[in-house]
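Participant: Here you go, one structure.
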Amino acid sequence: MIVVQKYGGTSVADTDRITRVAERVVQAKRAGHDVVVVVSAMGKTTDHLHAQAREISPIPPGRELDMLLTAGERISMALLAMAIHEHGLSAQSLTGSQAGIITDATHGKARIIDITPGRITEALAAGRIVIVAGFQGVSRDSKDVTTLGRGASDTTAVALAAALGARVCEIYTDVDGVYTADPRIVASARKLHRVSHEEMLELAANGAKVLNVRSVEYARNHGVAIHVRSSFTYTEGTWVVPQEEHMEQAIISGVAHDTGEGKLVIRRVPDKPGVAARIFTLLASNSINIDMIVQNVSEEGTTDISCTLPLDDGPRALQLLEGLREEIGAVGIDLDPGVAKVSLVGAGMKTHPGVAAAMFTALSEAGVNIEMISTSTIRISVVVRAADVEQAVRAVHERFGLGGDAPSGATQRSGGVG
């Protein structure tokens with residue numbers, strides 16, 4: 001039986017921690033499993049490499065930046081393989097390309113288009129533990145090394161679990177599961193025992209950092225169960241599973257927040273067909289992801305278009321749209337970095353009216369102003385001032401009784417169990 005384990009940067013931050021990870025991997029192997037391990041770079045290695053690159057070039061060439069950044073995971077995989085050998089077991093480390101992770105040619109944000117795990121299955125058949133460098137692959141067209149985006153070692157692990165038919169993909173991190181809110185902000189936040197792929201996808205997309213959003217999307221599409229747990233304890237974590245495995249659905253599962261977004265405003269553009277398409281086609285063609293979009297009511301034939309996007313993409317988006325400004329007839333383009341997003345997520349809200357009203361009331365009573373609103377069937381998101389985000393999260397979390405000491409009821413899972 002194949003088990004895929006992924007260890008994040010904090011779990012392999014130094015050689016002592018790598019040694020402890022090796023002990024955990026060896027235990028799984030000696031329990032009778034075929035084990036594939038995906039590792040991130042050690043600690044802040046990727047951040048340090050990014051900083052060094054920008055000391056040389058403000059905008060490093062994408063191909064060369066990917067070549068540089070993939071070095072971090074290669075260091076981790078080789079050291080972990082050595083540590084496993086010290087336990088008397090055989091381990092083989094593989095880069096993303098050696099492991100058969102085939103991507104498109106987009107440097108920095110490549111997407112997996114195929115997995116050809118021949119070398120992995122050969123190594124497993126020979127009794128070896130396989131260590132794979134996360135976050136990276138190889139372009140099918142250019143044959144260049146690519147990276148999948150920050151935090152994408154999760155995606156590597158889930159993709160390999162799907163390709164290998166693994167029983168479970170275990171994501172080991174520095175927290176012991178998925179909580180109803182960030183415990184650093186809400187002291188009463190409660191660990192969830194189970195959450196659906198759909199709910200976790202919304203939580204991850206709206207600021208919950210415990211899982212990479214693309215990994216959850218991949219897990220949902222391929223039916224992979226994920227177990228999020230701490231690499232520092234042996235307690236059970238949170239299971240992220242297909243929807244049908246739930247006996248009941250909570251109205252609300254949790255509150256996520258994201259301080260890494262900015263609000264882009266294109267002012268006074270002509271209110272006519274094709275303008276919005278021109279704006280967002282340009283951003284999409286440059287791999288800039290847009291989240292919320294609001295168009296104001298037209299006045300005197302013009303309107304403002306507002307959207308949110310990752311802050312890291314803000315300067316590039318401004319540069320691109322400034323070059324388009326005269327063509328579309330916009331009066332001005334502004335980027336507001338002082339915003340944050342707060343999201344309420346729960347599969348049960350689609351059959352329970354009044355959730356939005358309760359959320360907005362909680363924010364109003366806390367004195368938090370709402371600047372933008374976006375919804376899906378299982379999510380309500382609002383944009384607020386960044387200075388108000390912690391107060392907003394606490395107010396919404398309390399309003400829906402999500403705390404660990406709250407009585408079980410309609411708005412939560414009893415004991416955190418779905």
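The chains in the structure tokens are called A, B, ... from first to last as shown; in each chain the residues are counted from 1, and the ligands are counted from 1 in the order shown.
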Report as a PyMOL selection string all protein, DNA and RNA residues lying within 12 Å of Ile129 of chain A, evaluated on only C-alpha atoms, omitting residues in the same chain fewer than 6 positions from it.
Facilitator: chain A and resi 2-5+22+25-30+32-38+77+80-85+87-94+119-123
Participant: Keeping only N, CA and C atoms, take the residues you just selected and write them out as a tab-separated table (two decimals), in the first residue's frame.
Facilitator:
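The file below, result.tsv, is the result:
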chain	number	residue	atom	x	y	z
A	2	ILE	N	0.62	2.15	-0.94
A	2	ILE	CA	1.45	3.35	-1.09
A	2	ILE	C	0.90	4.48	-0.22
A	3	VAL	N	1.79	5.13	0.50
A	3	VAL	CA	1.46	6.33	1.26
A	3	VAL	C	2.38	7.45	0.79
A	4	VAL	N	1.80	8.60	0.48
A	4	VAL	CA	2.59	9.78	0.11
A	4	VAL	C	2.60	10.73	1.30
A	5	GLN	N	3.80	11.16	1.71
A	5	GLN	CA	3.95	12.11	2.80
A	5	GLN	C	4.64	13.36	2.28
A	22	ALA	N	13.16	11.67	9.09
A	22	ALA	CA	13.62	10.36	8.63
A	22	ALA	C	13.09	9.26	9.53
A	25	VAL	N	9.48	8.64	8.60
A	25	VAL	CA	9.38	7.95	7.31
A	25	VAL	C	9.74	6.47	7.47
A	26	VAL	N	10.78	6.20	8.23
A	26	VAL	CA	11.22	4.82	8.45
A	26	VAL	C	10.13	4.02	9.17
A	27	GLN	N	9.45	4.65	10.13
A	27	GLN	CA	8.36	3.97	10.82
A	27	GLN	C	7.27	3.54	9.84
A	28	ALA	N	6.93	4.43	8.90
A	28	ALA	CA	5.89	4.10	7.91
A	28	ALA	C	6.34	2.95	7.03
A	29	LYS	N	7.61	2.96	6.65
A	29	LYS	CA	8.13	1.87	5.81
A	29	LYS	C	8.12	0.55	6.57
A	30	ARG	N	8.54	0.56	7.81
A	30	ARG	CA	8.59	-0.67	8.60
A	30	ARG	C	7.21	-1.17	9.00
A	32	GLY	N	5.02	-1.51	6.83
A	32	GLY	CA	4.58	-2.27	5.66
A	32	GLY	C	4.13	-1.44	4.47
A	33	HIS	N	4.31	-0.13	4.54
A	33	HIS	CA	3.88	0.73	3.44
A	33	HIS	C	5.00	0.96	2.44
A	34	ASP	N	4.63	1.18	1.18
A	34	ASP	CA	5.54	1.78	0.22
A	34	ASP	C	5.42	3.29	0.41
A	35	VAL	N	6.55	3.96	0.62
A	35	VAL	CA	6.51	5.36	1.03
A	35	VAL	C	7.16	6.26	-0.02
A	36	VAL	N	6.41	7.28	-0.42
A	36	VAL	CA	6.93	8.35	-1.28
A	36	VAL	C	6.86	9.63	-0.46
A	37	VAL	N	7.97	10.34	-0.36
A	37	VAL	CA	8.05	11.56	0.44
A	37	VAL	C	8.33	12.75	-0.47
A	38	VAL	N	7.57	13.82	-0.27
A	38	VAL	CA	7.80	15.08	-0.98
A	38	VAL	C	8.29	16.10	0.03
A	77	MET	N	15.95	17.02	-0.26
A	77	MET	CA	15.71	15.62	-0.63
A	77	MET	C	16.97	14.78	-0.44
A	80	LEU	N	17.61	14.23	3.35
A	80	LEU	CA	16.67	13.27	3.93
A	80	LEU	C	17.00	11.84	3.49
A	81	ALA	N	17.38	11.68	2.23
A	81	ALA	CA	17.78	10.34	1.76
A	81	ALA	C	18.98	9.82	2.55
A	82	MET	N	19.94	10.70	2.82
A	82	MET	CA	21.10	10.30	3.62
A	82	MET	C	20.68	9.88	5.03
A	83	ALA	N	19.75	10.64	5.62
A	83	ALA	CA	19.30	10.34	6.98
A	83	ALA	C	18.59	8.99	7.03
A	84	ILE	N	17.84	8.66	5.99
A	84	ILE	CA	17.15	7.37	5.94
A	84	ILE	C	18.16	6.23	5.80
A	85	HIS	N	19.19	6.45	4.99
A	85	HIS	CA	20.24	5.43	4.85
A	85	HIS	C	20.90	5.13	6.20
A	87	HIS	N	19.48	4.75	8.89
A	87	HIS	CA	18.63	3.80	9.59
A	87	HIS	C	18.69	2.40	8.96
A	88	GLY	N	19.54	2.25	7.98
A	88	GLY	CA	19.70	0.94	7.36
A	88	GLY	C	18.72	0.63	6.25
A	89	LEU	N	17.95	1.63	5.83
A	89	LEU	CA	17.02	1.44	4.73
A	89	LEU	C	17.52	2.16	3.49
A	90	SER	N	17.05	1.74	2.34
A	90	SER	CA	17.47	2.32	1.07
A	90	SER	C	16.51	3.42	0.66
A	91	ALA	N	17.05	4.56	0.26
A	91	ALA	CA	16.22	5.68	-0.21
A	91	ALA	C	16.82	6.24	-1.49
A	92	GLN	N	15.97	6.75	-2.35
A	92	GLN	CA	16.42	7.35	-3.60
A	92	GLN	C	15.76	8.71	-3.78
A	93	SER	N	16.56	9.74	-3.96
A	93	SER	CA	16.01	11.08	-4.16
A	93	SER	C	15.88	11.38	-5.64
A	94	LEU	N	14.81	12.10	-5.99
A	94	LEU	CA	14.53	12.45	-7.38
A	94	LEU	C	14.10	13.90	-7.47
A	119	ARG	N	10.05	6.02	-12.80
A	119	ARG	CA	11.21	5.85	-11.93
A	119	ARG	C	10.80	5.65	-10.48
A	120	ILE	N	9.69	6.28	-10.09
A	120	ILE	CA	9.18	6.10	-8.72
A	120	ILE	C	8.72	4.66	-8.52
A	121	THR	N	7.91	4.16	-9.43
A	121	THR	CA	7.38	2.80	-9.27
A	121	THR	C	8.50	1.76	-9.33
A	122	GLU	N	9.52	1.99	-10.15
A	122	GLU	CA	10.66	1.07	-10.19
A	122	GLU	C	11.39	1.05	-8.86
A	123	ALA	N	11.59	2.24	-8.28
A	123	ALA	CA	12.29	2.31	-6.99
A	123	ALA	C	11.47	1.66	-5.88
Participant: Need to verify the contact set: segment 194-197 of chain A, 7 Å, only C-alpha atoms, exclusion of same-chain residues closer than 2 positions in sequence. Can you return it as a list in words?
Facilitator: Leu192, Glu199, Met200, Leu201, Val216, Arg220, Thr238, Trp239, Val240, Val241, Pro242, Gln243, Val417 and Gly418 of chain A
Participant: Could you write out the selected residues, including C-alpha atoms, as a PDB file, in the first residue's frame?
Facilitator:
ATOM      1  CA  LEU A 192     -11.778  20.418  12.597  1.00  0.00           C
ATOM      2  CA  GLU A 199     -14.979  23.717   1.893  1.00  0.00           C
ATOM      3  CA  MET A 200     -11.191  23.393   2.073  1.00  0.00           C
ATOM      4  CA  LEU A 201     -10.880  24.782  -1.437  1.00  0.00           C
ATOM      5  CA  VAL A 216      -6.918  20.971  -2.813  1.00  0.00           C
ATOM      6  CA  ARG A 220     -10.982  17.209  -5.340  1.00  0.00           C
ATOM      7  CA  THR A 238      -7.716  17.121   9.919  1.00  0.00           C
ATOM      8  CA  TRP A 239      -9.016  14.911   7.116  1.00  0.00           C
ATOM      9  CA  VAL A 240      -9.913  16.636   3.840  1.00  0.00           C
ATOM     10  CA  VAL A 241     -12.222  14.223   2.047  1.00  0.00           C
ATOM     11  CA  PRO A 242     -14.773  13.996  -0.767  1.00  0.00           C
ATOM     12  CA  GLN A 243     -18.182  15.456   0.002  1.00  0.00           C
ATOM     13  CA  VAL A 417     -16.564  16.050  13.377  1.00  0.00           C
ATOM     14  CA  GLY A 418     -18.395  16.259  10.063  1.00  0.00           C
TER      15      GLY A 418
END
Participant: Could you give me, as a PyMOL selection string, the residues within 12 Å of Pro337 of chain A, counting only C-alpha atoms and dropping anything in the same chain fewer than 6 positions from it?
Facilitator: chain A and resi 259-265+308-315+383-387
Participant: Based on the backbone DSSP call, show me all residues of segment 154-281 of chain A assigned strand (DSSP E), as a ChimeraX atom specification.
Facilitator: /A:168-173,194-196,226-230,238-241,254-258,261-270
Participant: Just want the 8 Å neighbourhood of Ser97 of chain A, counted on only C-alpha atoms, with same-chain residues fewer than 6 positions away dropped. Output as a list in words.
Facilitator: Gln136, Gly137, Val138 and Val145 of chain A
Participant: Please, could you write that set of residues out with N, CA and C atoms as a PDB file, in the first residue's frame?
Facilitator:
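To be explicit, this is the file written out as result-v1.pdb:
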ATOM      1  N   GLN A 136       8.358  21.605  -8.152  1.00  0.00           N
ATOM      2  CA  GLN A 136       9.058  21.730  -9.425  1.00  0.00           C
ATOM      3  C   GLN A 136       8.704  20.608 -10.395  1.00  0.00           C
ATOM      4  N   GLY A 137       8.955  20.876 -11.663  1.00  0.00           N
ATOM      5  CA  GLY A 137       8.740  19.888 -12.709  1.00  0.00           C
ATOM      6  C   GLY A 137       9.582  20.243 -13.915  1.00  0.00           C
ATOM      7  N   VAL A 138       9.173  19.743 -15.075  1.00  0.00           N
ATOM      8  CA  VAL A 138       9.887  20.044 -16.309  1.00  0.00           C
ATOM      9  C   VAL A 138       8.860  20.326 -17.394  1.00  0.00           C
ATOM     10  N   VAL A 145      13.510  23.341 -16.586  1.00  0.00           N
ATOM     11  CA  VAL A 145      12.994  23.195 -15.231  1.00  0.00           C
ATOM     12  C   VAL A 145      11.965  24.296 -14.974  1.00  0.00           C
TER      13      VAL A 145
END
